[in-house]
>>> print(open('run-v1.txt').read())   # compact mmCIF, C-alpha atoms
# COMPACT_ATOMS: atom_id res chain seq x y z
CA MET F 855 0.00 0.00 0.00
CA LYS F 856 1.50 3.33 -1.06
CA LYS F 857 0.40 6.73 0.25
CA SER F 858 1.99 10.07 0.98
CA ILE F 859 2.32 12.05 4.13
CA ILE F 860 4.09 15.27 5.00
CA LEU F 861 7.35 15.12 6.92
CA ALA F 862 6.83 16.86 10.16
CA LEU F 863 20.03 0.28 20.87
CA THR F 864 29.50 -4.52 24.91
CA VAL F 865 31.41 -3.63 27.85
CA LEU F 866 31.65 -6.71 30.04
CA CYS F 867 32.35 -5.24 33.43
CA SER F 868 31.73 -7.85 36.05
CA SER F 869 33.68 -5.95 38.67
CA LEU F 870 31.49 -2.89 38.33
CA LEU F 871 28.42 -4.68 39.60
CA VAL F 872 29.84 -4.70 43.11
CA VAL F 873 29.14 -1.17 44.35
CA PRO F 874 32.08 0.37 46.26
CA PRO F 875 31.11 0.45 49.96
CA SER F 876 32.20 4.06 50.36
CA GLU F 877 29.83 5.13 47.62
CA ALA F 878 26.97 2.69 48.13
CA ALA F 879 25.37 4.29 51.18
CA ALA F 880 25.30 7.76 49.69
CA ALA F 881 24.01 6.50 46.35
CA GLN F 882 21.29 4.31 47.84
CA SER F 883 20.07 7.14 50.06
CA GLN F 884 19.21 9.07 46.90
CA LYS F 885 18.34 6.43 44.30
CA GLU F 886 17.06 2.89 44.21
CA THR F 887 19.02 0.27 42.32
CA LYS F 888 17.56 -0.43 38.89
CA VAL F 889 18.16 -3.39 36.61
CA VAL F 890 17.48 -3.34 32.86
CA VAL F 891 17.60 -6.72 31.11
CA ASN F 892 17.64 -6.48 27.32
CA ASN F 893 15.81 -3.12 27.42
CA SER F 894 13.19 -4.29 29.94
CA GLN F 895 13.37 -2.59 33.33
CA LEU F 896 12.66 -4.96 36.18
CA ASP F 897 10.11 -4.23 38.86
CA THR F 898 11.65 -3.03 42.11
CA SER F 899 10.20 -6.07 43.89
CA ASP F 900 12.49 -8.24 41.74
CA ILE F 901 15.67 -6.41 42.78
CA LEU F 902 17.66 -6.41 46.00
CA ASN F 903 20.94 -4.68 46.80
CA LYS F 904 22.50 -6.76 49.58
CA ASN F 905 26.05 -6.33 50.89
CA ASN F 906 26.77 -3.97 47.98
CA GLN F 907 25.89 -6.60 45.40
CA VAL F 908 22.87 -6.73 43.11
CA PHE F 909 20.50 -9.72 43.21
CA PHE F 910 17.35 -10.24 41.18
CA SER F 911 14.57 -12.78 41.06
CA LEU F 912 14.97 -15.95 39.05
CA THR F 913 11.94 -15.29 36.84
CA SER F 914 13.48 -11.98 35.72
CA LEU F 915 15.90 -13.99 33.60
CA LYS F 916 13.19 -14.65 31.03
CA SER F 917 14.11 -11.66 28.88
CA LEU F 918 17.67 -12.98 28.50
CA GLY F 919 16.53 -15.55 25.97
CA ASN F 920 15.03 -18.97 25.52
CA LEU F 921 15.44 -20.17 29.11
CA THR F 922 13.67 -22.75 31.23
CA PHE F 923 13.62 -22.91 35.03
CA ALA F 924 13.17 -25.70 37.55
CA TRP F 925 12.94 -25.61 41.35
CA ASN F 926 13.74 -28.63 43.50
CA ASN F 927 12.16 -28.02 46.88
CA ALA F 928 13.83 -31.03 48.48
CA THR F 929 17.38 -29.92 47.65
CA LYS F 930 16.59 -26.17 47.53
CA GLN F 931 18.20 -26.02 44.11
CA VAL F 932 17.42 -23.90 41.06
CA THR F 933 18.26 -25.08 37.56
CA VAL F 934 18.42 -22.62 34.64
CA LYS F 935 18.81 -24.04 31.15
CA GLY F 936 19.73 -22.12 28.03
CA ASN F 937 20.71 -23.20 24.53
CA ASP F 938 24.27 -24.15 25.55
CA THR F 939 24.26 -23.58 29.28
CA ASN F 940 22.99 -25.49 32.29
CA LEU F 941 23.25 -23.68 35.63
CA GLN F 942 22.51 -25.21 39.00
CA LEU F 943 22.45 -23.06 42.11
CA THR F 944 21.70 -24.13 45.67
CA MET F 945 20.17 -21.78 48.20
CA SER F 946 22.66 -20.47 50.78
CA LYS F 947 25.57 -22.17 48.98
CA LYS F 948 28.48 -20.21 47.46
CA VAL F 949 29.28 -23.02 45.02
CA ALA F 950 27.29 -23.59 41.82
CA LYS F 951 27.51 -25.81 38.77
CA LYS F 952 27.84 -24.63 35.18
CA ASN F 953 27.52 -27.45 32.65
CA GLY F 954 28.50 -29.86 35.42
CA THR F 955 31.62 -27.94 36.50
CA LEU F 956 31.83 -26.42 39.98
CA VAL F 957 32.23 -22.64 40.08
CA SER F 958 32.52 -20.25 43.03
CA LEU F 959 30.06 -17.48 43.80
CA SER F 960 30.89 -14.26 45.57
CA SER F 961 27.49 -14.50 47.30
CA ALA F 962 25.02 -17.34 47.77
CA PRO F 963 21.49 -17.25 46.32
CA PHE F 964 18.63 -17.04 48.82
CA ILE F 965 14.87 -16.71 49.23
CA HIS F 966 13.50 -13.18 49.74
CA ASN F 967 9.78 -12.41 50.06
CA GLY F 968 8.95 -15.75 48.50
CA LYS F 969 11.23 -15.19 45.49
CA THR F 970 14.47 -16.93 44.60
CA MET F 971 17.13 -14.21 44.45
CA ILE F 972 20.10 -14.86 42.18
CA PRO F 973 23.43 -12.96 42.07
CA LEU F 974 22.99 -10.85 38.94
CA ARG F 975 26.64 -10.75 37.99
CA PHE F 976 27.17 -14.50 38.01
CA VAL F 977 23.99 -15.42 36.17
CA ALA F 978 24.52 -12.79 33.45
CA GLU F 979 28.11 -13.84 32.83
CA ALA F 980 27.41 -17.56 33.07
CA LEU F 981 24.76 -17.15 30.39
CA GLU F 982 27.29 -15.28 28.24
CA GLY F 983 25.63 -11.93 28.67
CA SER F 984 27.36 -8.69 29.56
CA VAL F 985 26.81 -6.38 32.51
CA THR F 986 27.38 -2.63 32.65
CA TRP F 987 26.98 -0.65 35.85
CA ASN F 988 26.00 3.05 35.73
CA GLN F 989 27.05 4.50 39.07
CA LYS F 990 25.32 7.84 38.49
CA THR F 991 21.88 6.36 37.89
CA GLN F 992 22.43 3.24 40.03
CA THR F 993 21.46 1.07 37.08
CA ALA F 994 22.75 -2.34 36.01
CA PHE F 995 22.34 -3.09 32.31
CA VAL F 996 22.29 -6.79 31.42
CA SER F 997 22.71 -7.43 27.71
CA LYS F 998 22.49 -10.51 25.56
CA PRO F 999 21.39 -10.06 21.92
CA SER F 1000 19.37 -12.87 20.42
CA SER F 1001 20.91 -15.07 17.71
CA ARG F 1002 18.46 -13.46 15.26
CA LEU F 1003 19.81 -9.98 16.01
CA LEU F 1004 23.42 -11.15 15.87
CA ASN F 1005 22.82 -12.60 12.41
CA ASP F 1006 20.89 -9.60 11.14
CA VAL F 1007 23.51 -7.01 12.13
CA LYS F 1008 25.78 -8.75 9.59
CA SER F 1009 23.18 -8.74 6.81
CA ASP F 1010 23.86 -7.26 3.37
CA SER F 1011 20.44 -5.60 3.55
CA LEU F 1012 20.67 -2.10 5.03
CA SER F 1013 17.09 -2.15 6.29
CA THR F 1014 17.62 -5.53 7.99
CA VAL F 1015 20.72 -4.24 9.78
CA ARG F 1016 18.90 -1.09 10.88
CA ASN F 1017 16.00 -3.08 12.25
CA ALA F 1018 18.47 -5.14 14.26
CA LEU F 1019 20.14 -1.97 15.57
CA ILE F 1020 16.97 -0.46 17.02
CA ASN F 1021 16.26 -3.76 18.80
CA LEU F 1022 19.75 -4.43 20.20
CA PRO F 1023 20.23 -4.18 23.97
CA ARG F 1024 20.67 -0.53 25.00
CA VAL F 1025 23.12 0.75 27.59
CA SER F 1026 23.64 4.21 29.06
CA GLN F 1027 26.58 5.67 30.96
CA LEU F 1028 25.03 9.14 30.97
CA THR F 1029 24.42 10.89 34.27
CA GLU F 1030 20.62 11.03 33.90
CA ASP F 1031 17.77 9.01 32.45
CA PHE F 1032 15.35 11.17 30.46
CA LYS F 1033 11.82 9.79 30.28
CA PRO F 1034 9.15 10.91 27.77
CA SER F 1035 6.17 12.70 29.32
CA VAL F 1036 4.09 9.97 27.67
CA GLU F 1037 5.54 6.82 26.10
CA SER F 1038 4.54 6.89 22.45
CA ASP F 1039 4.08 3.95 20.12
CA SER F 1040 4.62 6.32 17.22
CA LEU F 1041 8.39 6.69 16.86
CA GLN F 1042 10.74 8.51 14.51
CA TYR F 1043 14.15 7.22 13.50
CA TYR F 1044 16.97 8.97 11.64
CA PHE F 1045 20.00 7.16 10.20
CA PRO F 1046 22.81 9.01 8.40
CA VAL F 1047 22.47 7.97 4.76
CA ASN F 1048 24.15 4.65 3.92
CA THR F 1049 25.26 4.03 7.52
CA ASN F 1050 24.37 1.32 10.02
CA ASP F 1051 26.38 2.15 13.14
CA LYS F 1052 24.38 5.01 14.67
CA PHE F 1053 20.84 6.35 14.83
CA ILE F 1054 18.60 8.99 16.38
CA GLU F 1055 15.26 8.13 17.97
CA VAL F 1056 12.44 10.53 18.82
CA ASN F 1057 9.89 9.32 21.37
CA ASN F 1058 7.33 12.02 22.15
CA ASN F 1059 9.29 14.85 23.84
CA VAL F 1060 12.59 12.96 24.21
CA ILE F 1061 15.24 12.64 21.50
CA ARG F 1062 18.15 10.21 21.86
CA TYR F 1063 21.33 9.50 19.92
CA TYR F 1064 22.85 6.00 19.93
CA GLN F 1065 26.15 4.60 18.70
CA ILE F 1066 26.62 0.87 18.10
CA THR F 1067 29.61 -0.94 19.59
CA LYS F 1068 30.00 -4.71 19.89
CA ASN F 1069 26.34 -5.46 19.24
CA THR F 1070 25.11 -3.00 21.85
CA SER F 1071 23.42 0.39 21.36
CA TYR F 1072 25.10 2.94 23.63
CA LEU F 1073 23.17 6.09 24.50
CA LYS F 1074 25.54 9.02 23.88
CA TRP F 1075 23.20 12.01 24.03
CA GLN F 1076 19.62 12.85 24.97
CA ALA F 1077 17.45 15.93 25.19
CA TYR F 1078 13.99 17.06 26.15
CA ILE F 1079 12.13 18.73 23.29
CA GLY F 1080 10.18 21.81 24.32
CA GLU F 1081 7.05 23.32 22.83
CA LYS F 1082 8.60 26.59 21.69
CA ALA F 1083 9.40 26.82 17.98
CA ALA F 1084 13.08 27.20 17.14
CA GLU F 1085 15.63 26.48 14.41
CA GLN F 1086 18.20 23.85 15.32
CA ASP F 1087 21.60 24.36 13.71
CA ASN F 1088 22.77 20.77 14.23
CA LEU F 1089 19.67 18.55 14.21
CA TYR F 1090 17.99 20.73 11.62
CA PHE F 1091 14.91 18.50 11.32
CA ILE F 1092 13.83 19.35 14.88
CA ASN F 1093 12.03 22.70 14.78
CA ARG F 1094 11.60 23.18 18.53
CA THR F 1095 13.84 24.08 21.46
CA PHE F 1096 15.81 21.63 23.55
CA THR F 1097 14.95 22.44 27.15
CA LYS F 1098 17.61 20.15 28.64
CA GLU F 1099 20.48 18.14 27.16
CA ASN F 1100 22.73 15.40 28.50
CA GLY F 1101 25.75 13.80 26.81
CA SER F 1102 27.67 14.57 23.64
CA LEU F 1103 26.25 14.87 20.12
CA PRO F 1104 28.33 14.81 16.89
CA ASN F 1105 27.98 17.51 14.25
CA PHE F 1106 25.16 16.49 11.90
CA LYS F 1107 24.64 19.93 10.33
CA ASP F 1108 25.62 18.81 6.83
CA THR F 1109 24.49 15.19 7.14
CA SER F 1110 21.76 13.70 4.99
CA PHE F 1111 19.44 11.30 6.79
CA ALA F 1112 17.24 8.35 5.99
CA SER F 1113 14.09 9.33 7.88
CA PHE F 1114 11.47 6.88 9.17
CA ARG F 1115 8.19 7.44 10.98
CA TRP F 1116 6.48 4.42 12.49
CA MET F 1117 2.67 4.81 12.62
CA PRO F 1118 1.24 1.87 14.59
CA HIS F 1119 -2.40 2.92 14.17
CA ILE F 1120 -2.14 2.03 10.48
CA THR F 1121 0.79 -0.42 10.84
CA SER F 1122 2.77 1.59 8.31
CA THR F 1123 6.15 3.31 8.13
CA GLY F 1124 6.76 6.61 6.41
CA TYR F 1125 10.17 6.95 4.79
CA GLY F 1126 12.30 9.38 2.80
CA LEU F 1127 15.69 11.04 2.43
CA ILE F 1128 16.23 14.48 3.93
CA ASN F 1129 18.98 17.09 4.14
CA ASN F 1130 19.30 20.54 5.70
CA GLN F 1131 17.91 22.18 2.56
CA ASN F 1132 14.84 20.08 1.79
CA TRP F 1133 13.79 18.52 5.11
CA ASN F 1134 10.73 20.74 5.56
CA ASP F 1135 9.44 20.08 2.04
CA VAL F 1136 10.02 16.35 1.66
CA VAL F 1137 6.92 14.21 1.25
CA LEU F 1138 7.41 10.88 2.98
CA LYS F 1139 6.23 7.81 1.18
CA GLU F 1140 4.38 5.19 3.17
CA THR F 1141 4.45 1.41 3.17
CA GLU F 1142 2.56 -1.12 5.25
CA VAL F 1143 4.67 -3.35 7.50
CA PRO F 1144 3.89 -7.10 7.29
CA GLN F 1145 2.62 -8.80 10.44
CA SER F 1146 5.61 -11.13 10.42
CA ALA F 1147 7.93 -8.12 10.71
CA LEU F 1148 5.78 -6.47 13.39
CA LYS F 1149 6.25 -9.45 15.68
CA GLU F 1150 9.99 -8.74 15.69
CA ASN F 1151 9.53 -4.95 15.87
CA TYR F 1152 11.11 -4.74 12.42
CA ILE F 1153 9.56 -1.46 11.32
CA ILE F 1154 12.41 0.08 9.30
CA VAL F 1155 11.87 -0.29 5.55
CA SER F 1156 14.09 -0.05 2.49
CA ILE F 1157 14.45 3.28 0.67
CA PRO F 1158 15.02 2.56 -3.04
CA GLU F 1159 16.64 5.98 -3.59
CA GLU F 1160 19.31 5.30 -0.94
CA LYS F 1161 22.33 4.03 -2.84
>>> encode(input="run-v1.txt", output="structure tokens")
Amino acid sequence: MKKSIILALTVLCSSLLVVPPSEAAAAQSQKETKVVVNNSQLDTSDILNKNNQVFFSLTSLKSLGNLTFAWNNATKQVTVKGNDTNLQLTMSKKVAKKNGTLVSLSSAPFIHNGKTMIPLRFVAEALEGSVTWNQKTQTAFVSKPSSRLLNDVKSDSLSTVRNALINLPRVSQLTEDFKPSVESDSLQYYFPVNTNDKFIEVNNNVIRYYQITKNTSYLKWQAYIGEKAAEQDNLYFINRTFTKENGSLPNFKDTSFASFRWMPHITSTGYGLINNQNWNDVVLKETEVPQSALKENYIIVSIPEEK
């Protein structure tokens, strides 16, 4: 279906997950510990900071991949199985098994409020994920891209790679976490023409810039978009003020972009090429996104004119 409309996500840092005692008390007095697993923030009831180490509930591992869980009440053991990994942890024991081999734990798993609490660092690393600790926001990011995403980031198709990029695990080392006033399903994406290692995302009144490193999308800059009209010298396609910024943004003043607007109410994506001369006049074309692609959140489409 064709129509026209007017143009209007790996640093493996296991040591960082143990919060320095001198800093932990001050940090915890101001902020609660947060855990984000493959872009899904866990509920606070699933997180516990004990003895300056982060634990989370067993069931929170689901977003790390195709995992199964088993609890043996007689032995007080938890078994976690992945594609190539079999973990066995025993409550109150600082020794676990990985694929039948004994490994040491810095802290033993335990039961808390009826939930099995697992040492986040060990489980993430044992399942071949990566962990990044943001001291400023007291957030642990656990990342493990799916095999589908890892394959697609190497694709010869630019649109396939870009779809993988926006779905990769996201990590931030910025000092703040900007939240949209209302989470919007209608998103805008901007990729420098013919590139697949960076992108800009607009979600309601928040704009973010990501760079891709080792199959992870790192947040490098973010800003709140105000309501007052203004001309932006760098991100020329944003015609309103930035009321607050955080991080560092490259110079995009003379960059041409592949522009995409996802419109979930009609399951279609608008697309086109823009530059600092024509951006306000470009008419985006529109194409419907197949249901099979929607299931994977693959909403970026090919632009025939992009060579």
>>> closest_residue(input="run-v1.txt", among="F:Lys1052, F:Lys1068, F:Lys930, F:Arg1094", to="Leu1004 of chain F", atoms="only C-alpha atoms")
F:Lys1068
>>> atom_distance(input="run-v1.txt", atom1="atom CA of Val891 of chain F", atom2="atom CA of Asn927 of chain F")
27.1 Å
>>> atom_distance(input="run-v1.txt", atom1="atom CA of Thr939 of chain F", atom2="atom CA of Gln989 of chain F")
29.9 Å
>>> atom_distance(input="run-v1.txt", atom1="atom CA of Glu1140 of chain F", atom2="atom CA of Asn1093 of chain F")
22.4 Å
>>> residues_around(input="run-v1.txt", residues="segment 1108-1124 of chain F", least_positions_apart="4", cutoff="10 Å", atoms="only C-alpha atoms", output="number ranges by chain")
F: 855-862, 1038-1049, 1053-1056, 1087-1091, 1128-1133, 1137-1145, 1148, 1153-1157, 1159-1160
>>> residues_around(input="run-v1.txt", residues="Val996 of chain F", least_positions_apart="2", cutoff="9 Å", atoms="all atoms listed in the file", output="list in words")
Val889, Val890, Val891, Asn892, Asn893, Leu918, Leu974, Arg975, Ala978, Gly983, Ser984, Val985, Thr986, Trp987, Ala994, Lys998, Pro1023 and Val1025 of chain F
>>> write_last_selection(input="run-v1.txt", atoms="C-alpha atoms", output="compact mmCIF listing (two decimals), keeping the file's coordinate frame")
# COMPACT_ATOMS: atom_id res chain seq x y z
CA VAL F 889 18.16 -3.39 36.61
CA VAL F 890 17.48 -3.34 32.86
CA VAL F 891 17.60 -6.72 31.11
CA ASN F 892 17.64 -6.48 27.32
CA ASN F 893 15.81 -3.12 27.42
CA LEU F 918 17.67 -12.98 28.50
CA LEU F 974 22.99 -10.85 38.94
CA ARG F 975 26.64 -10.75 37.99
CA ALA F 978 24.52 -12.79 33.45
CA GLY F 983 25.63 -11.93 28.67
CA SER F 984 27.36 -8.69 29.56
CA VAL F 985 26.81 -6.38 32.51
CA THR F 986 27.38 -2.63 32.65
CA TRP F 987 26.98 -0.65 35.85
CA ALA F 994 22.75 -2.34 36.01
CA LYS F 998 22.49 -10.51 25.56
CA PRO F 1023 20.23 -4.18 23.97
CA VAL F 1025 23.12 0.75 27.59
